[in-house]
Amino acid sequence: MAYSHTNSKGTTYYLHSKRTTLKNGREQTIYYFGKQAKEGALDAVPAGYQVAETSNGLPVLKKS
């Protein structure tokens with residue numbers, strides 16, 4: 001089951017991750033929230049991260 005976070009406005013978001021290659025050739029994992037659970041949805045918040053909200057209610061991951 002995908003990790004979900006309900007923000008202060010009552011909207012539920014699901015955590016996803018994606019491996020991408022940067023312009024310099026380095027690979028990096030990108031974490032993002034979406035309103036629907038799709039391919040790449042994660043079951044838990046990655047170690048060393050915590051969920052926070054922006055001023056307009058969007059959830060983001062921050063390093064702890």
# chains A, B, ... in the order shown; residues from 1 in each chain; ligands from 1

$ residues_around --residues "Glu39 in chain A" --least-positions-apart "4" --cutoff "12 Å" --atoms "only C-alpha atoms" --output "MDAnalysis selection string"
chainID A and resid 1:2 14:18 34 43

$ write_last_selection --atoms "N, CA and C atoms" --output "mmCIF file, in the first residue's frame"
data_model
loop_
_atom_site.group_PDB
_atom_site.id
_atom_site.type_symbol
_atom_site.label_atom_id
_atom_site.label_comp_id
_atom_site.auth_asym_id
_atom_site.auth_seq_id
_atom_site.Cartn_x
_atom_site.Cartn_y
_atom_site.Cartn_z
ATOM 1 N N MET A 1 0.842 -1.180 0.000
ATOM 2 C CA MET A 1 0.000 0.000 0.000
ATOM 3 C C MET A 1 0.886 1.242 0.000
ATOM 4 N N ALA A 2 0.542 2.208 -0.802
ATOM 5 C CA ALA A 2 1.351 3.417 -0.964
ATOM 6 C C ALA A 2 1.232 4.322 0.262
ATOM 7 N N TYR A 14 -0.005 10.959 -2.420
ATOM 8 C CA TYR A 14 0.748 9.708 -2.331
ATOM 9 C C TYR A 14 2.195 9.946 -2.749
ATOM 10 N N LEU A 15 3.109 9.320 -2.007
ATOM 11 C CA LEU A 15 4.538 9.503 -2.231
ATOM 12 C C LEU A 15 5.037 8.567 -3.334
ATOM 13 N N HIS A 16 5.811 9.126 -4.285
ATOM 14 C CA HIS A 16 6.396 8.383 -5.396
ATOM 15 C C HIS A 16 7.895 8.660 -5.465
ATOM 16 N N SER A 17 8.608 7.788 -6.153
ATOM 17 C CA SER A 17 10.021 8.025 -6.420
ATOM 18 C C SER A 17 10.313 7.643 -7.860
ATOM 19 N N LYS A 18 11.394 8.222 -8.383
ATOM 20 C CA LYS A 18 11.783 7.984 -9.775
ATOM 21 C C LYS A 18 13.287 8.171 -9.888
ATOM 22 N N GLY A 34 1.850 12.864 -5.461
ATOM 23 C CA GLY A 34 0.806 12.967 -6.470
ATOM 24 C C GLY A 34 -0.545 12.676 -5.838
ATOM 25 N N ASP A 43 6.010 2.671 -0.180
ATOM 26 C CA ASP A 43 5.234 2.219 0.971
ATOM 27 C C ASP A 43 5.522 3.018 2.236
#

$ select_by_dssp --residues "range 10-64 of chain A" --states "strand (DSSP E or B)" --output "list in words"
Thr12, Tyr13, Tyr14, Leu15, His16, Ser17, Lys18, Arg19, Thr20, Thr21, Glu27, Gln28, Thr29, Ile30, Tyr31, Tyr32, Phe33, Gly34, Ala41, Tyr49, Gln50, Val51, Ala52, Glu53, Pro59, Val60, Leu61, Lys62 and Lys63 of chain A

$ write_last_selection --atoms "C-alpha atoms" --output "mmCIF file, in the first residue's frame"
data_model
loop_
_atom_site.group_PDB
_atom_site.id
_atom_site.type_symbol
_atom_site.label_atom_id
_atom_site.label_comp_id
_atom_site.auth_asym_id
_atom_site.auth_seq_id
_atom_site.Cartn_x
_atom_site.Cartn_y
_atom_site.Cartn_z
ATOM 1 C CA THR A 12 -4.630 13.218 0.218
ATOM 2 C CA TYR A 13 -1.304 12.851 -1.618
ATOM 3 C CA TYR A 14 0.748 9.708 -2.331
ATOM 4 C CA LEU A 15 4.538 9.503 -2.231
ATOM 5 C CA HIS A 16 6.396 8.383 -5.396
ATOM 6 C CA SER A 17 10.021 8.025 -6.420
ATOM 7 C CA LYS A 18 11.783 7.984 -9.775
ATOM 8 C CA ARG A 19 15.404 7.386 -10.846
ATOM 9 C CA THR A 20 16.578 9.968 -13.352
ATOM 10 C CA THR A 21 19.851 10.802 -15.085
ATOM 11 C CA GLU A 27 21.832 9.279 -11.463
ATOM 12 C CA GLN A 28 19.581 10.648 -8.750
ATOM 13 C CA THR A 29 16.369 9.527 -7.055
ATOM 14 C CA ILE A 30 13.583 12.115 -7.165
ATOM 15 C CA TYR A 31 10.766 11.985 -4.600
ATOM 16 C CA TYR A 32 7.408 13.621 -5.319
ATOM 17 C CA PHE A 33 3.783 13.569 -4.186
ATOM 18 C CA GLY A 34 0.806 12.967 -6.470
ATOM 19 C CA ALA A 41 4.566 4.682 -5.336
ATOM 20 C CA TYR A 49 13.530 12.235 5.397
ATOM 21 C CA GLN A 50 10.378 13.722 6.898
ATOM 22 C CA VAL A 51 7.190 15.114 5.381
ATOM 23 C CA ALA A 52 6.539 18.864 5.629
ATOM 24 C CA GLU A 53 4.014 21.183 3.989
ATOM 25 C CA PRO A 59 3.559 18.114 0.918
ATOM 26 C CA VAL A 60 7.329 17.914 0.363
ATOM 27 C CA LEU A 61 10.134 15.725 1.696
ATOM 28 C CA LYS A 62 12.824 17.357 3.793
ATOM 29 C CA LYS A 63 15.989 15.787 5.129
#

$ closest_residue --among "A:Ser55, A:Ser64, A:Gln36, A:Gly48" --to "His5 in chain A" --atoms "only C-alpha atoms"
A:Gln36

$ atom_distance --atom1 "CA of Ser8 in chain A" --atom2 "CA of Thr54 in chain A"
10.4 Å

$ closest_residue --among "A:Ala44, A:Ala37, A:Arg26, A:Gly10" --to "Leu58 in chain A" --atoms "only C-alpha atoms"
A:Gly10

$ decode --residues "chain A" --atoms "C-alpha atoms" --output "compact mmCIF listing (two decimals), in the first residue's frame"
# COMPACT_ATOMS: atom_id res chain seq x y z
CA MET A 1 0.00 0.00 0.00
CA ALA A 2 1.35 3.42 -0.96
CA TYR A 3 2.33 5.96 1.69
CA SER A 4 -0.31 8.70 1.90
CA HIS A 5 -0.29 12.12 3.54
CA THR A 6 -3.40 14.22 4.12
CA ASN A 7 -2.55 17.92 4.18
CA SER A 8 -4.10 20.66 6.31
CA LYS A 9 -6.73 21.29 3.61
CA GLY A 10 -7.90 17.67 3.64
CA THR A 11 -6.39 16.60 0.29
CA THR A 12 -4.63 13.22 0.22
CA TYR A 13 -1.30 12.85 -1.62
CA TYR A 14 0.75 9.71 -2.33
CA LEU A 15 4.54 9.50 -2.23
CA HIS A 16 6.40 8.38 -5.40
CA SER A 17 10.02 8.02 -6.42
CA LYS A 18 11.78 7.98 -9.77
CA ARG A 19 15.40 7.39 -10.85
CA THR A 20 16.58 9.97 -13.35
CA THR A 21 19.85 10.80 -15.09
CA LEU A 22 21.07 14.37 -14.71
CA LYS A 23 22.79 16.35 -17.47
CA ASN A 24 26.21 15.57 -16.01
CA GLY A 25 25.46 11.82 -16.24
CA ARG A 26 24.91 11.26 -12.53
CA GLU A 27 21.83 9.28 -11.46
CA GLN A 28 19.58 10.65 -8.75
CA THR A 29 16.37 9.53 -7.06
CA ILE A 30 13.58 12.11 -7.16
CA TYR A 31 10.77 11.99 -4.60
CA TYR A 32 7.41 13.62 -5.32
CA PHE A 33 3.78 13.57 -4.19
CA GLY A 34 0.81 12.97 -6.47
CA LYS A 35 -2.95 12.91 -5.93
CA GLN A 36 -3.19 9.32 -7.24
CA ALA A 37 -1.07 6.28 -6.45
CA LYS A 38 0.67 5.24 -9.68
CA GLU A 39 3.73 3.25 -10.71
CA GLY A 40 6.67 4.13 -8.47
CA ALA A 41 4.57 4.68 -5.34
CA LEU A 42 6.50 4.07 -2.11
CA ASP A 43 5.23 2.22 0.97
CA ALA A 44 7.05 4.46 3.48
CA VAL A 45 9.02 7.68 3.80
CA PRO A 46 12.72 7.01 2.99
CA ALA A 47 15.13 6.89 5.93
CA GLY A 48 16.52 10.31 6.79
CA TYR A 49 13.53 12.23 5.40
CA GLN A 50 10.38 13.72 6.90
CA VAL A 51 7.19 15.11 5.38
CA ALA A 52 6.54 18.86 5.63
CA GLU A 53 4.01 21.18 3.99
CA THR A 54 4.58 24.32 1.98
CA SER A 55 2.60 27.45 2.81
CA ASN A 56 -0.04 26.52 0.21
CA GLY A 57 -0.51 22.98 1.58
CA LEU A 58 1.62 20.90 -0.81
CA PRO A 59 3.56 18.11 0.92
CA VAL A 60 7.33 17.91 0.36
CA LEU A 61 10.13 15.73 1.70
CA LYS A 62 12.82 17.36 3.79
CA LYS A 63 15.99 15.79 5.13
CA SER A 64 15.79 15.29 8.89
